[in-house]
file my_file02.txt (compact mmCIF, C-alpha atoms and all ligand atoms)
# COMPACT_ATOMS: atom_id res chain seq x y z
CA MET Z 512 11.67 -63.83 -19.01
CA LYS Z 513 9.50 -61.33 -20.86
CA LYS Z 514 6.51 -62.60 -22.80
CA ARG Z 515 6.82 -62.70 -26.56
CA VAL Z 516 4.59 -60.30 -28.50
CA PHE Z 517 4.00 -60.70 -32.23
CA SER Z 518 1.78 -58.59 -34.45
CA GLY Z 519 1.50 -57.62 -38.08
CA ILE Z 520 0.22 -54.89 -40.35
CA GLN Z 521 -0.56 -55.04 -44.07
CA PRO Z 522 1.25 -52.75 -46.52
CA THR Z 523 -1.92 -51.94 -48.44
CA GLY Z 524 -3.96 -48.76 -48.77
CA ASP Z 525 -3.36 -45.87 -46.41
CA THR Z 526 -2.59 -46.51 -42.77
CA HIS Z 527 -5.33 -44.82 -40.73
CA ILE Z 528 -6.08 -43.78 -37.17
CA GLY Z 529 -7.96 -47.07 -36.63
CA ASN Z 530 -4.70 -48.97 -37.16
CA TYR Z 531 -2.97 -46.54 -34.82
CA LEU Z 532 -5.53 -46.35 -32.00
CA GLY Z 533 -6.47 -50.03 -32.16
CA ALA Z 534 -3.01 -51.50 -32.66
CA THR Z 535 0.29 -49.73 -33.38
CA LYS Z 536 0.02 -47.13 -30.62
CA HIS Z 537 -0.23 -49.96 -28.08
CA TRP Z 538 2.62 -51.88 -29.66
CA ALA Z 539 4.83 -48.82 -29.23
CA ALA Z 540 3.64 -47.99 -25.71
CA ARG Z 541 4.29 -51.44 -24.25
CA GLN Z 542 7.64 -52.26 -25.85
CA ASP Z 543 9.50 -52.43 -22.55
CA GLU Z 544 7.03 -54.88 -21.08
CA TYR Z 545 7.47 -57.52 -23.79
CA ASP Z 546 9.91 -59.17 -26.12
CA ASN Z 547 8.49 -57.76 -29.36
CA ILE Z 548 8.35 -58.78 -33.00
CA PHE Z 549 6.43 -56.66 -35.52
CA CYS Z 550 5.97 -57.68 -39.12
CA ILE Z 551 4.96 -55.89 -42.31
CA VAL Z 552 2.87 -58.66 -43.86
CA ASP Z 553 3.45 -58.27 -47.60
CA LEU Z 554 2.45 -61.87 -48.33
CA HIS Z 555 -0.94 -61.13 -46.81
CA ALA Z 556 -1.18 -58.01 -48.97
CA ILE Z 557 -1.07 -60.07 -52.18
CA THR Z 558 -4.19 -62.03 -51.21
CA THR Z 559 -5.93 -59.19 -53.07
CA PRO Z 560 -4.60 -57.72 -56.35
CA GLN Z 561 -1.73 -55.24 -55.93
CA GLU Z 562 0.26 -53.11 -58.39
CA PRO Z 563 3.94 -54.07 -57.98
CA GLU Z 564 5.23 -50.49 -57.78
CA VAL Z 565 2.50 -49.45 -55.37
CA LEU Z 566 3.11 -52.48 -53.16
CA LYS Z 567 6.83 -51.69 -53.01
CA ALA Z 568 6.11 -48.10 -52.02
CA LYS Z 569 3.53 -49.17 -49.42
CA ILE Z 570 5.96 -51.60 -47.78
CA ARG Z 571 8.34 -48.68 -47.25
CA GLU Z 572 5.54 -46.38 -46.11
CA VAL Z 573 4.17 -48.76 -43.51
CA THR Z 574 7.69 -49.51 -42.27
CA GLY Z 575 8.35 -45.78 -41.90
CA LEU Z 576 5.03 -45.28 -40.12
CA LEU Z 577 5.68 -48.07 -37.63
CA LEU Z 578 8.93 -46.39 -36.64
CA ALA Z 579 7.27 -42.96 -36.70
CA VAL Z 580 4.63 -44.02 -34.15
CA GLY Z 581 7.43 -45.05 -31.84
CA ILE Z 582 8.41 -48.65 -32.59
CA ASP Z 583 12.10 -48.73 -31.77
CA THR Z 584 14.29 -51.26 -33.59
CA GLU Z 585 16.62 -51.34 -30.59
CA ARG Z 586 13.78 -52.77 -28.49
CA SER Z 587 11.71 -54.59 -31.11
CA ILE Z 588 12.43 -56.76 -34.12
CA VAL Z 589 10.76 -55.22 -37.19
CA PHE Z 590 10.89 -57.03 -40.51
CA ILE Z 591 9.17 -57.72 -43.82
CA GLN Z 592 7.29 -61.04 -43.91
CA SER Z 593 8.54 -62.17 -47.34
CA HIS Z 594 12.15 -61.74 -46.20
CA VAL Z 595 11.69 -64.73 -43.90
CA PRO Z 596 10.78 -67.79 -46.03
CA ALA Z 597 9.78 -69.87 -43.01
CA HIS Z 598 6.43 -68.02 -42.92
CA SER Z 599 5.29 -69.50 -46.25
CA GLU Z 600 6.68 -72.90 -45.36
CA LEU Z 601 4.92 -73.17 -42.02
CA ALA Z 602 1.70 -71.80 -43.56
CA TRP Z 603 1.65 -74.79 -45.92
CA ILE Z 604 2.17 -77.22 -43.08
CA LEU Z 605 -0.57 -75.61 -40.98
CA ASN Z 606 -2.93 -75.82 -43.96
CA CYS Z 607 -2.69 -79.54 -43.66
CA PHE Z 608 -3.85 -79.40 -40.05
CA THR Z 609 -6.72 -76.95 -40.50
CA PRO Z 610 -10.19 -78.28 -41.27
CA MET Z 611 -11.91 -76.44 -44.13
CA GLY Z 612 -14.90 -75.83 -41.87
CA TRP Z 613 -12.79 -73.72 -39.50
CA MET Z 614 -11.68 -71.47 -42.35
CA GLN Z 615 -15.21 -71.20 -43.70
CA ARG Z 616 -16.35 -69.65 -40.44
CA MET Z 617 -13.98 -66.66 -40.68
CA THR Z 618 -16.01 -63.48 -40.85
CA GLN Z 619 -13.24 -61.43 -42.50
CA TYR Z 620 -13.21 -63.84 -45.44
CA LYS Z 621 -16.98 -63.77 -45.68
CA GLU Z 622 -16.99 -59.97 -45.72
CA LYS Z 623 -14.08 -59.52 -48.08
CA SER Z 624 -15.33 -62.08 -50.59
CA LYS Z 625 -18.88 -60.69 -50.60
CA ASN Z 626 -19.89 -59.21 -53.98
CA GLN Z 627 -16.49 -60.04 -55.51
CA GLU Z 628 -16.45 -61.65 -58.93
CA SER Z 629 -13.28 -63.54 -58.29
CA VAL Z 630 -11.52 -64.23 -55.00
CA SER Z 631 -8.10 -65.85 -54.64
CA THR Z 632 -7.47 -69.06 -52.74
CA GLY Z 633 -4.93 -66.99 -50.82
CA LEU Z 634 -7.66 -64.78 -49.39
CA PHE Z 635 -9.48 -67.84 -48.11
CA ASP Z 636 -6.25 -69.23 -46.72
CA TYR Z 637 -5.12 -65.92 -45.18
CA PRO Z 638 -5.62 -67.15 -41.57
CA ALA Z 639 -3.22 -70.11 -42.06
CA LEU Z 640 -0.44 -67.67 -43.01
CA MET Z 641 -1.36 -65.50 -40.05
CA ALA Z 642 -1.23 -68.56 -37.78
CA ALA Z 643 2.23 -69.33 -39.18
CA ASP Z 644 3.38 -65.76 -38.44
CA ILE Z 645 2.31 -66.08 -34.84
CA LEU Z 646 3.34 -69.67 -34.10
CA LEU Z 647 6.80 -69.34 -35.67
CA TYR Z 648 7.97 -67.15 -32.81
CA ASP Z 649 6.50 -69.03 -29.84
CA THR Z 650 4.26 -66.03 -29.35
CA ASP Z 651 2.38 -65.53 -26.08
CA VAL Z 652 0.51 -62.31 -26.83
CA VAL Z 653 -0.95 -60.90 -30.05
CA PRO Z 654 -2.08 -57.26 -29.74
CA VAL Z 655 -4.64 -56.52 -32.45
CA GLY Z 656 -7.83 -54.62 -33.14
CA GLU Z 657 -11.15 -56.35 -32.58
CA ASP Z 658 -11.48 -57.49 -36.20
CA GLN Z 659 -8.47 -59.81 -35.85
CA LYS Z 660 -9.54 -61.53 -32.65
CA GLN Z 661 -11.19 -64.40 -34.50
CA HIS Z 662 -8.01 -65.07 -36.48
CA VAL Z 663 -5.92 -65.25 -33.32
CA GLU Z 664 -8.43 -67.61 -31.76
CA LEU Z 665 -8.24 -69.78 -34.88
CA THR Z 666 -4.45 -69.78 -34.55
CA ARG Z 667 -4.83 -71.03 -31.02
CA ASP Z 668 -7.23 -73.76 -32.18
CA ILE Z 669 -4.80 -74.88 -34.89
CA ALA Z 670 -1.93 -74.96 -32.37
CA GLN Z 671 -4.04 -76.93 -29.91
CA ARG Z 672 -5.06 -79.44 -32.54
CA PHE Z 673 -1.45 -79.92 -33.62
CA ASN Z 674 -0.30 -80.29 -30.02
CA ALA Z 675 -3.06 -82.82 -29.34
CA ILE Z 676 -1.78 -84.98 -32.19
CA TYR Z 677 1.99 -84.62 -31.68
CA GLY Z 678 2.48 -83.42 -28.12
CA ASP Z 679 3.51 -79.90 -27.09
CA THR Z 680 5.04 -78.24 -30.12
CA PHE Z 681 3.47 -74.80 -30.30
CA VAL Z 682 3.02 -72.14 -27.64
CA LEU Z 683 -0.66 -71.13 -27.41
CA PRO Z 684 -1.08 -67.41 -28.17
CA SER Z 685 -3.73 -65.07 -26.74
CA PRO Z 686 -5.20 -62.00 -28.41
CA VAL Z 687 -4.98 -58.68 -26.54
CA ILE Z 688 -7.60 -56.16 -27.60
CA PRO Z 689 -7.68 -52.59 -26.24
CA ASP Z 690 -10.62 -51.67 -23.98
CA ILE Z 691 -11.28 -48.50 -25.94
CA GLY Z 692 -10.55 -48.00 -29.64
CA ALA Z 693 -10.51 -51.66 -30.67
CA ARG Z 694 -12.97 -50.86 -33.43
CA ILE Z 695 -12.78 -47.33 -34.78
CA MET Z 696 -15.59 -46.84 -37.27
CA GLY Z 697 -15.64 -45.17 -40.69
CA LEU Z 698 -16.39 -41.44 -40.64
CA ASP Z 699 -18.70 -41.75 -43.63
CA ASP Z 700 -20.51 -44.81 -42.26
CA PRO Z 701 -20.17 -45.44 -38.52
CA GLU Z 702 -21.71 -48.89 -38.93
CA LYS Z 703 -18.56 -50.05 -40.76
CA LYS Z 704 -15.06 -50.55 -39.35
CA MET Z 705 -12.55 -47.94 -40.53
CA SER Z 706 -10.57 -49.91 -43.07
CA LYS Z 707 -7.67 -49.46 -45.47
CA SER Z 708 -9.49 -51.21 -48.26
CA GLU Z 709 -12.72 -49.24 -48.01
CA PRO Z 710 -13.12 -46.78 -50.90
CA GLY Z 711 -14.47 -43.28 -50.29
CA SER Z 712 -12.35 -40.21 -49.68
CA ASN Z 713 -14.23 -39.45 -46.51
CA HIS Z 714 -14.00 -42.85 -44.88
CA ALA Z 715 -10.76 -42.81 -42.89
CA ILE Z 716 -8.35 -40.32 -41.38
CA ASN Z 717 -4.95 -41.42 -42.60
CA LEU Z 718 -1.83 -40.95 -40.51
CA LEU Z 719 -0.23 -38.91 -43.29
CA ASP Z 720 -3.26 -36.69 -44.02
CA PRO Z 721 -2.41 -32.96 -43.99
CA PRO Z 722 -4.31 -30.71 -41.52
CA ASP Z 723 -6.82 -29.29 -44.03
CA VAL Z 724 -7.77 -32.79 -45.20
CA ILE Z 725 -8.30 -33.92 -41.61
CA THR Z 726 -10.46 -30.89 -40.86
CA ASN Z 727 -12.60 -31.47 -43.95
CA LYS Z 728 -13.06 -35.17 -43.33
CA ILE Z 729 -14.16 -34.58 -39.75
CA LYS Z 730 -16.47 -31.76 -40.82
CA ARG Z 731 -18.26 -34.16 -43.18
CA ALA Z 732 -18.37 -37.07 -40.70
CA ALA Z 733 -21.81 -38.67 -40.34
CA THR Z 734 -23.60 -37.86 -37.06
CA ASP Z 735 -27.33 -37.85 -36.36
CA SER Z 736 -30.22 -35.45 -35.99
CA LEU Z 737 -30.03 -35.19 -32.19
CA ARG Z 738 -28.16 -32.46 -30.33
CA ASP Z 739 -26.60 -33.49 -27.06
CA ILE Z 740 -23.04 -34.78 -26.99
CA VAL Z 741 -23.02 -37.92 -24.86
CA TYR Z 742 -21.59 -41.43 -25.14
CA ASP Z 743 -24.41 -43.51 -26.54
CA GLU Z 744 -23.56 -46.60 -28.57
CA ASN Z 745 -26.93 -46.34 -30.26
CA ARG Z 746 -25.69 -43.13 -31.86
CA PRO Z 747 -22.61 -44.62 -33.55
CA GLY Z 748 -21.47 -41.50 -35.44
CA VAL Z 749 -21.18 -39.25 -32.39
CA TYR Z 750 -19.96 -42.15 -30.24
CA ASN Z 751 -17.10 -42.81 -32.67
CA LEU Z 752 -16.07 -39.15 -32.75
CA LEU Z 753 -16.08 -39.03 -28.95
CA VAL Z 754 -13.96 -42.17 -28.71
CA ILE Z 755 -11.41 -40.69 -31.11
CA TYR Z 756 -11.42 -37.45 -29.08
CA GLU Z 757 -10.96 -39.42 -25.87
CA LEU Z 758 -8.01 -41.38 -27.23
CA PHE Z 759 -6.22 -38.34 -28.65
CA THR Z 760 -6.71 -36.21 -25.52
CA GLY Z 761 -6.42 -38.86 -22.79
CA LYS Z 762 -9.34 -37.18 -20.99
CA SER Z 763 -11.98 -39.11 -19.08
CA ARG Z 764 -15.48 -39.57 -20.49
CA GLN Z 765 -16.96 -37.45 -17.71
CA GLU Z 766 -14.57 -34.59 -18.44
CA ILE Z 767 -15.39 -34.79 -22.13
CA VAL Z 768 -19.15 -34.84 -21.64
CA ASP Z 769 -18.91 -31.90 -19.20
CA HIS Z 770 -16.70 -30.02 -21.62
CA PHE Z 771 -19.17 -30.37 -24.51
CA ALA Z 772 -22.32 -29.78 -22.44
CA GLY Z 773 -24.42 -27.14 -24.20
CA LYS Z 774 -22.17 -27.18 -27.28
CA GLY Z 775 -23.09 -28.50 -30.73
CA TYR Z 776 -21.69 -30.97 -33.24
CA ALA Z 777 -19.82 -28.17 -35.04
CA ASP Z 778 -17.86 -27.49 -31.82
CA LEU Z 779 -17.12 -31.17 -31.31
CA LYS Z 780 -15.89 -31.52 -34.87
CA LYS Z 781 -13.76 -28.39 -34.70
CA GLU Z 782 -12.07 -29.44 -31.47
CA LEU Z 783 -11.70 -33.02 -32.62
CA ALA Z 784 -9.92 -31.87 -35.79
CA GLU Z 785 -7.55 -29.79 -33.65
CA VAL Z 786 -6.58 -32.63 -31.34
CA VAL Z 787 -6.16 -35.13 -34.19
CA ILE Z 788 -3.96 -32.70 -36.15
CA GLU Z 789 -1.92 -32.04 -33.03
CA GLY Z 790 -1.64 -35.76 -32.24
CA LEU Z 791 -0.54 -36.74 -35.74
CA SER Z 792 1.87 -33.87 -36.26
CA PRO Z 793 4.87 -35.43 -34.41
CA ILE Z 794 4.27 -38.74 -36.22
CA GLN Z 795 4.26 -36.97 -39.57
CA LYS Z 796 7.45 -35.06 -38.73
CA LYS Z 797 9.22 -38.19 -37.63
CA TYR Z 798 8.04 -40.01 -40.75
CA ALA Z 799 9.47 -37.26 -42.97
CA ASP Z 800 12.83 -37.49 -41.18
CA LEU Z 801 12.97 -41.29 -41.32
CA THR Z 802 12.18 -41.47 -45.01
CA ALA Z 803 14.51 -38.64 -46.09
CA ASP Z 804 17.28 -41.19 -46.59
CA PRO Z 805 15.78 -44.21 -48.41
CA GLY Z 806 18.74 -46.43 -47.56
CA TYR Z 807 18.14 -46.03 -43.85
CA LEU Z 808 14.87 -47.98 -43.70
CA ASP Z 809 16.32 -50.67 -45.98
CA SER Z 810 19.22 -51.24 -43.64
CA LEU Z 811 16.92 -51.47 -40.62
CA MET Z 812 14.71 -54.00 -42.39
CA ALA Z 813 17.72 -56.09 -43.41
CA LYS Z 814 18.76 -56.16 -39.78
CA GLY Z 815 15.19 -57.12 -38.72
CA ALA Z 816 15.12 -60.09 -41.10
CA GLU Z 817 18.54 -61.20 -39.87
CA GLN Z 818 17.21 -61.22 -36.32
CA ALA Z 819 13.94 -62.98 -37.22
CA ILE Z 820 15.32 -65.73 -39.47
CA PRO Z 821 17.12 -67.81 -36.80
CA LEU Z 822 14.13 -67.58 -34.43
CA ALA Z 823 11.73 -68.72 -37.15
CA GLU Z 824 14.06 -71.47 -38.39
CA LYS Z 825 14.32 -72.93 -34.93
CA VAL Z 826 10.55 -73.41 -34.62
CA LEU Z 827 10.16 -74.57 -38.24
CA THR Z 828 12.82 -77.25 -37.69
CA ARG Z 829 11.04 -78.35 -34.52
CA VAL Z 830 7.78 -78.70 -36.46
CA LYS Z 831 9.35 -80.54 -39.39
CA ASP Z 832 11.12 -82.97 -37.07
CA THR Z 833 7.89 -83.55 -35.21
CA ILE Z 834 5.86 -84.48 -38.27
CA GLY Z 835 8.60 -86.51 -39.96
CA LEU Z 836 9.80 -84.14 -42.67
CA GLY Z 837 13.49 -83.95 -43.61
P1 LIG P 1 -8.11 -54.00 -44.37
O1 LIG P 1 -9.38 -53.36 -44.00
O2 LIG P 1 -7.64 -53.74 -45.75
O3 LIG P 1 -8.06 -55.44 -43.98
P2 LIG P 1 -7.06 -52.83 -42.02
O4 LIG P 1 -7.44 -51.41 -42.03
O5 LIG P 1 -7.84 -53.79 -41.20
O6 LIG P 1 -6.99 -53.32 -43.50
P3 LIG P 1 -4.58 -54.11 -41.21
O7 LIG P 1 -3.21 -53.89 -41.71
O8 LIG P 1 -5.24 -55.35 -41.68
O9 LIG P 1 -5.52 -52.89 -41.63
O10 LIG P 1 -4.60 -54.00 -39.64
C1 LIG P 1 -3.51 -53.65 -38.81
C2 LIG P 1 -3.99 -53.60 -37.37
O11 LIG P 1 -4.94 -52.55 -37.21
C3 LIG P 1 -4.70 -54.89 -36.93
O12 LIG P 1 -4.31 -55.19 -35.60
C4 LIG P 1 -6.17 -54.51 -36.97
O13 LIG P 1 -6.95 -55.26 -36.06
C5 LIG P 1 -6.10 -53.06 -36.56
N1 LIG P 1 -7.24 -52.30 -37.06
C6 LIG P 1 -7.63 -52.21 -38.36
N2 LIG P 1 -8.71 -51.43 -38.47
C7 LIG P 1 -9.04 -51.02 -37.23
C8 LIG P 1 -10.07 -50.19 -36.70
N3 LIG P 1 -10.98 -49.64 -37.48
N4 LIG P 1 -10.11 -49.98 -35.37
C9 LIG P 1 -9.19 -50.54 -34.55
N5 LIG P 1 -8.19 -51.33 -34.98
C10 LIG P 1 -8.10 -51.58 -36.31
N1 LIG P 2 -4.34 -60.14 -40.45
C1 LIG P 2 -3.80 -59.02 -39.75
C2 LIG P 2 -2.38 -58.78 -40.09
C3 LIG P 2 -1.53 -59.89 -39.60
C4 LIG P 2 -1.28 -60.20 -38.23
C5 LIG P 2 -0.43 -61.34 -38.26
C6 LIG P 2 -1.67 -59.65 -37.02
C7 LIG P 2 -0.88 -60.81 -40.36
N2 LIG P 2 -0.21 -61.66 -39.55
C8 LIG P 2 0.01 -61.94 -37.10
C9 LIG P 2 -1.24 -60.27 -35.85
C10 LIG P 2 -0.40 -61.39 -35.89
C11 LIG P 2 -4.62 -57.79 -40.07
O1 LIG P 2 -4.44 -56.87 -39.44
N3 LIG P 2 -5.45 -57.79 -41.04
call {"tool": "encode", "arguments": {"input": "my_file02.txt", "output": "structure tokens", "more": "lines below"}}
Ligand code: ATP
Ligand code: LTN
result
Amino acid sequence: MKKRVFSGIQPTGDTHIGNYLGATKHWAARQDEYDNIFCIVDLHAITTPQEPEVLKAKIREVTGLLLAVGIDTERSIVFIQSHVPAHSELAWILNCFTPMGWMQRMTQYKEKSKNQESVSTGLFDYPALMAADILLYDTDVVPVGEDQKQHVELTRDIAQRFNAIYGDTFVLPSPVIPDIGARIMGLDDPEKKMSKSEPGSNHAINLLDPPDVITNKIKRAATDSLRDIVYDENRPGVYNLLVIYELFTGKSRQEIVDHFAGKGYADLKKELAEVVIEGLSPIQKKYADLTADPGYLDSLMAKGAEQAIPLAEKVLTRVKDTIGLG
């Protein structure tokens, strides 16, 4: 039997090449290897304030982009989190088995709540909902970018704690993080992870950015005052650009360093813009086709929820029986 993969993406902000290179590209590439479930996590999106109309549009956009990068609904279940009520229900139950101290250690919460006047309880509790997403499907493998590793490990801890009390109930999931590209950095500040929620027009390359926007963003990307083009993690700006180049071209590091020997940052940026534009072009074309008929995505998502609901219900019933509910 194939291993079960589950992963999720938030319908907030603009989906960027970090999401693609760190996560969705791998989800698409390994679909035949696994039994896959991918989720557009709209309930996670509302842990920070959202405009209703924008949220609705973003749910459609992210759905379209998942399919455009190659997720195939014949081989993978794709659905919207709020369409499957068991996610909220299991999240509540898991809350009751998660020590506050475990949640307080989560670095994403610490970062996202920093300098905020008011933060929702939902943002603090975000990892319990994520644990519910994963555990509801007896998930073995969770492919994510580096920033989500801690949340998957917490999920595993919650599952282990529950199993220790009640006996084997949950499958223990493991995170899978790509060797290269697990943490694509912001173009404007290579010390910060490229992120959907980061403001700044020059921060991220979005999957739907037109060619001239991509070229301009890369032109303005932060580098350093040195000259040679080599992989050096102590020079995060150039390192990040080289990693992006490597992932879009599929070339080896040696080939890339040889290719840019004697050239300058302007050459690197020009060629990088070309390969990114070329790499995103088929995704953008496919996205335009998929979203031309609005009813099409809706029907696929209805089918995805129909497939997910019985799987989730089965595990939720197991959990409720175990703890004496119902
Ligand atoms: P936000 O910053 O608002 O939390 P995000 O950019 O992290 O959003 P998500 O929808 O939360 O986007 O993430 C979807 C997937 O993309 C996750 O697996 C996450 O780990 C991965 N990911 C996000 N940013 C990066 C990045 N800069 N590099 C590699 N992977 C990333
Ligand atoms: N928290 C994740 C999104 C997410 C997720 C999941 C990822 C929600 N539920 C379950 C993997 C498995 C993020 O990318 N910020």
call {"tool": "closest_atom_pairs", "arguments": {"input": "my_file02.txt", "of": "chain Z", "to": "ligand LIG 2 (chain P)", "cutoff": "6 Å", "atoms": "only C-alpha atoms and all ligand atoms", "output": "Markdown table"}}
result
| residue | atom | partner | partner_atom | distance |
| --- | --- | --- | --- | --- |
| Z:Phe517 | CA | P:LIG2 | C10 | 5.8 |
| Z:Ser518 | CA | P:LIG2 | C9 | 3.7 |
| Z:Gly519 | CA | P:LIG2 | C4 | 3.8 |
| Z:Ile520 | CA | P:LIG2 | C2 | 4.7 |
| Z:Gln521 | CA | P:LIG2 | C2 | 5.8 |
| Z:Val552 | CA | P:LIG2 | C7 | 5.6 |
| Z:Met641 | CA | P:LIG2 | N2 | 4.0 |
| Z:Asp644 | CA | P:LIG2 | C8 | 5.3 |
| Z:Ile645 | CA | P:LIG2 | C8 | 5.2 |
| Z:Val653 | CA | P:LIG2 | C9 | 5.8 |
call {"tool": "residues_near_ligand", "arguments": {"input": "my_file02.txt", "ligand": "ligand LIG 1 (chain P)", "cutoff": "9 Å", "atoms": "all atoms listed in the file", "output": "ChimeraX atom specification"}}
result
/Z:518-535,551-552,555-556,619,623,653-660,688-689,692-697,703-709,715
call {"tool": "write_last_selection", "arguments": {"input": "my_file02.txt", "atoms": "C-alpha atoms", "output": "mmCIF file, in the coordinates of the input"}}
result
data_model
loop_
_atom_site.group_PDB
_atom_site.id
_atom_site.type_symbol
_atom_site.label_atom_id
_atom_site.label_comp_id
_atom_site.auth_asym_id
_atom_site.auth_seq_id
_atom_site.Cartn_x
_atom_site.Cartn_y
_atom_site.Cartn_z
ATOM 1 C CA SER Z 518 1.780 -58.590 -34.450
ATOM 2 C CA GLY Z 519 1.500 -57.620 -38.080
ATOM 3 C CA ILE Z 520 0.220 -54.890 -40.350
ATOM 4 C CA GLN Z 521 -0.560 -55.040 -44.070
ATOM 5 C CA PRO Z 522 1.250 -52.750 -46.520
ATOM 6 C CA THR Z 523 -1.920 -51.940 -48.440
ATOM 7 C CA GLY Z 524 -3.960 -48.760 -48.770
ATOM 8 C CA ASP Z 525 -3.360 -45.870 -46.410
ATOM 9 C CA THR Z 526 -2.590 -46.510 -42.770
ATOM 10 C CA HIS Z 527 -5.330 -44.820 -40.730
ATOM 11 C CA ILE Z 528 -6.080 -43.780 -37.170
ATOM 12 C CA GLY Z 529 -7.960 -47.070 -36.630
ATOM 13 C CA ASN Z 530 -4.700 -48.970 -37.160
ATOM 14 C CA TYR Z 531 -2.970 -46.540 -34.820
ATOM 15 C CA LEU Z 532 -5.530 -46.350 -32.000
ATOM 16 C CA GLY Z 533 -6.470 -50.030 -32.160
ATOM 17 C CA ALA Z 534 -3.010 -51.500 -32.660
ATOM 18 C CA THR Z 535 0.290 -49.730 -33.380
ATOM 19 C CA ILE Z 551 4.960 -55.890 -42.310
ATOM 20 C CA VAL Z 552 2.870 -58.660 -43.860
ATOM 21 C CA HIS Z 555 -0.940 -61.130 -46.810
ATOM 22 C CA ALA Z 556 -1.180 -58.010 -48.970
ATOM 23 C CA GLN Z 619 -13.240 -61.430 -42.500
ATOM 24 C CA LYS Z 623 -14.080 -59.520 -48.080
ATOM 25 C CA VAL Z 653 -0.950 -60.900 -30.050
ATOM 26 C CA PRO Z 654 -2.080 -57.260 -29.740
ATOM 27 C CA VAL Z 655 -4.640 -56.520 -32.450
ATOM 28 C CA GLY Z 656 -7.830 -54.620 -33.140
ATOM 29 C CA GLU Z 657 -11.150 -56.350 -32.580
ATOM 30 C CA ASP Z 658 -11.480 -57.490 -36.200
ATOM 31 C CA GLN Z 659 -8.470 -59.810 -35.850
ATOM 32 C CA LYS Z 660 -9.540 -61.530 -32.650
ATOM 33 C CA ILE Z 688 -7.600 -56.160 -27.600
ATOM 34 C CA PRO Z 689 -7.680 -52.590 -26.240
ATOM 35 C CA GLY Z 692 -10.550 -48.000 -29.640
ATOM 36 C CA ALA Z 693 -10.510 -51.660 -30.670
ATOM 37 C CA ARG Z 694 -12.970 -50.860 -33.430
ATOM 38 C CA ILE Z 695 -12.780 -47.330 -34.780
ATOM 39 C CA MET Z 696 -15.590 -46.840 -37.270
ATOM 40 C CA GLY Z 697 -15.640 -45.170 -40.690
ATOM 41 C CA LYS Z 703 -18.560 -50.050 -40.760
ATOM 42 C CA LYS Z 704 -15.060 -50.550 -39.350
ATOM 43 C CA MET Z 705 -12.550 -47.940 -40.530
ATOM 44 C CA SER Z 706 -10.570 -49.910 -43.070
ATOM 45 C CA LYS Z 707 -7.670 -49.460 -45.470
ATOM 46 C CA SER Z 708 -9.490 -51.210 -48.260
ATOM 47 C CA GLU Z 709 -12.720 -49.240 -48.010
ATOM 48 C CA ALA Z 715 -10.760 -42.810 -42.890
#
call {"tool": "atom_distance", "arguments": {"input": "my_file02.txt", "atom1": "atom CA of Z:Ala579", "atom2": "atom CA of Z:Leu791"}}
result
10.0 Å
call {"tool": "atom_distance", "arguments": {"input": "my_file02.txt", "atom1": "atom CA of Z:Thr650", "atom2": "atom CA of Z:Thr559"}}
result
26.7 Å
call {"tool": "closest_atom_pairs", "arguments": {"input": "my_file02.txt", "of": "stretch 775-815 of chain Z", "to": "stretch 582-586 of chain Z", "cutoff": "10 Å", "atoms": "only C-alpha atoms", "output": "CSV"}}
result
residue,atom,partner,partner_atom,distance
Z:Leu811,CA,Z:Thr584,CA,7.5
Z:Met812,CA,Z:Thr584,CA,9.2
Z:Lys814,CA,Z:Thr584,CA,9.1
Z:Gly815,CA,Z:Thr584,CA,7.8
call {"tool": "residues_around", "arguments": {"input": "my_file02.txt", "residues": "Z:Ala803", "least_positions_apart": "5", "cutoff": "12 Å", "atoms": "all atoms listed in the file", "output": "list in words"}}
result
Arg571, Glu572, Gly575, Lys796, Lys797, Tyr798 and Leu808 of chain Z
call {"tool": "write_last_selection", "arguments": {"input": "my_file02.txt", "atoms": "C-alpha atoms", "output": "PDB file, in the frame of the given file"}}
result
ATOM      1  CA  ARG Z 571       8.340 -48.680 -47.250  1.00  0.00           C
ATOM      2  CA  GLU Z 572       5.540 -46.380 -46.110  1.00  0.00           C
ATOM      3  CA  GLY Z 575       8.350 -45.780 -41.900  1.00  0.00           C
ATOM      4  CA  LYS Z 796       7.450 -35.060 -38.730  1.00  0.00           C
ATOM      5  CA  LYS Z 797       9.220 -38.190 -37.630  1.00  0.00           C
ATOM      6  CA  TYR Z 798       8.040 -40.010 -40.750  1.00  0.00           C
ATOM      7  CA  LEU Z 808      14.870 -47.980 -43.700  1.00  0.00           C
TER       8      LEU Z 808
END
call {"tool": "residues_around", "arguments": {"input": "my_file02.txt", "residues": "stretch 607-613 of chain Z", "least_positions_apart": "3", "cutoff": "10 Å", "atoms": "all atoms listed in the file", "output": "PDB file with C-alpha atoms, in the coordinates of the input"}}
result
ATOM      1  CA  ALA Z 602       1.700 -71.800 -43.560  1.00  0.00           C
ATOM      2  CA  TRP Z 603       1.650 -74.790 -45.920  1.00  0.00           C
ATOM      3  CA  ILE Z 604       2.170 -77.220 -43.080  1.00  0.00           C
ATOM      4  CA  ARG Z 616     -16.350 -69.650 -40.440  1.00  0.00           C
ATOM      5  CA  MET Z 617     -13.980 -66.660 -40.680  1.00  0.00           C
ATOM      6  CA  PHE Z 635      -9.480 -67.840 -48.110  1.00  0.00           C
ATOM      7  CA  ASP Z 636      -6.250 -69.230 -46.720  1.00  0.00           C
ATOM      8  CA  PRO Z 638      -5.620 -67.150 -41.570  1.00  0.00           C
ATOM      9  CA  ALA Z 639      -3.220 -70.110 -42.060  1.00  0.00           C
ATOM     10  CA  LEU Z 665      -8.240 -69.780 -34.880  1.00  0.00           C
ATOM     11  CA  THR Z 666      -4.450 -69.780 -34.550  1.00  0.00           C
ATOM     12  CA  ASP Z 668      -7.230 -73.760 -32.180  1.00  0.00           C
ATOM     13  CA  ILE Z 669      -4.800 -74.880 -34.890  1.00  0.00           C
ATOM     14  CA  ALA Z 670      -1.930 -74.960 -32.370  1.00  0.00           C
ATOM     15  CA  ARG Z 672      -5.060 -79.440 -32.540  1.00  0.00           C
ATOM     16  CA  PHE Z 673      -1.450 -79.920 -33.620  1.00  0.00           C
ATOM     17  CA  ILE Z 676      -1.780 -84.980 -32.190  1.00  0.00           C
TER      18      ILE Z 676
END
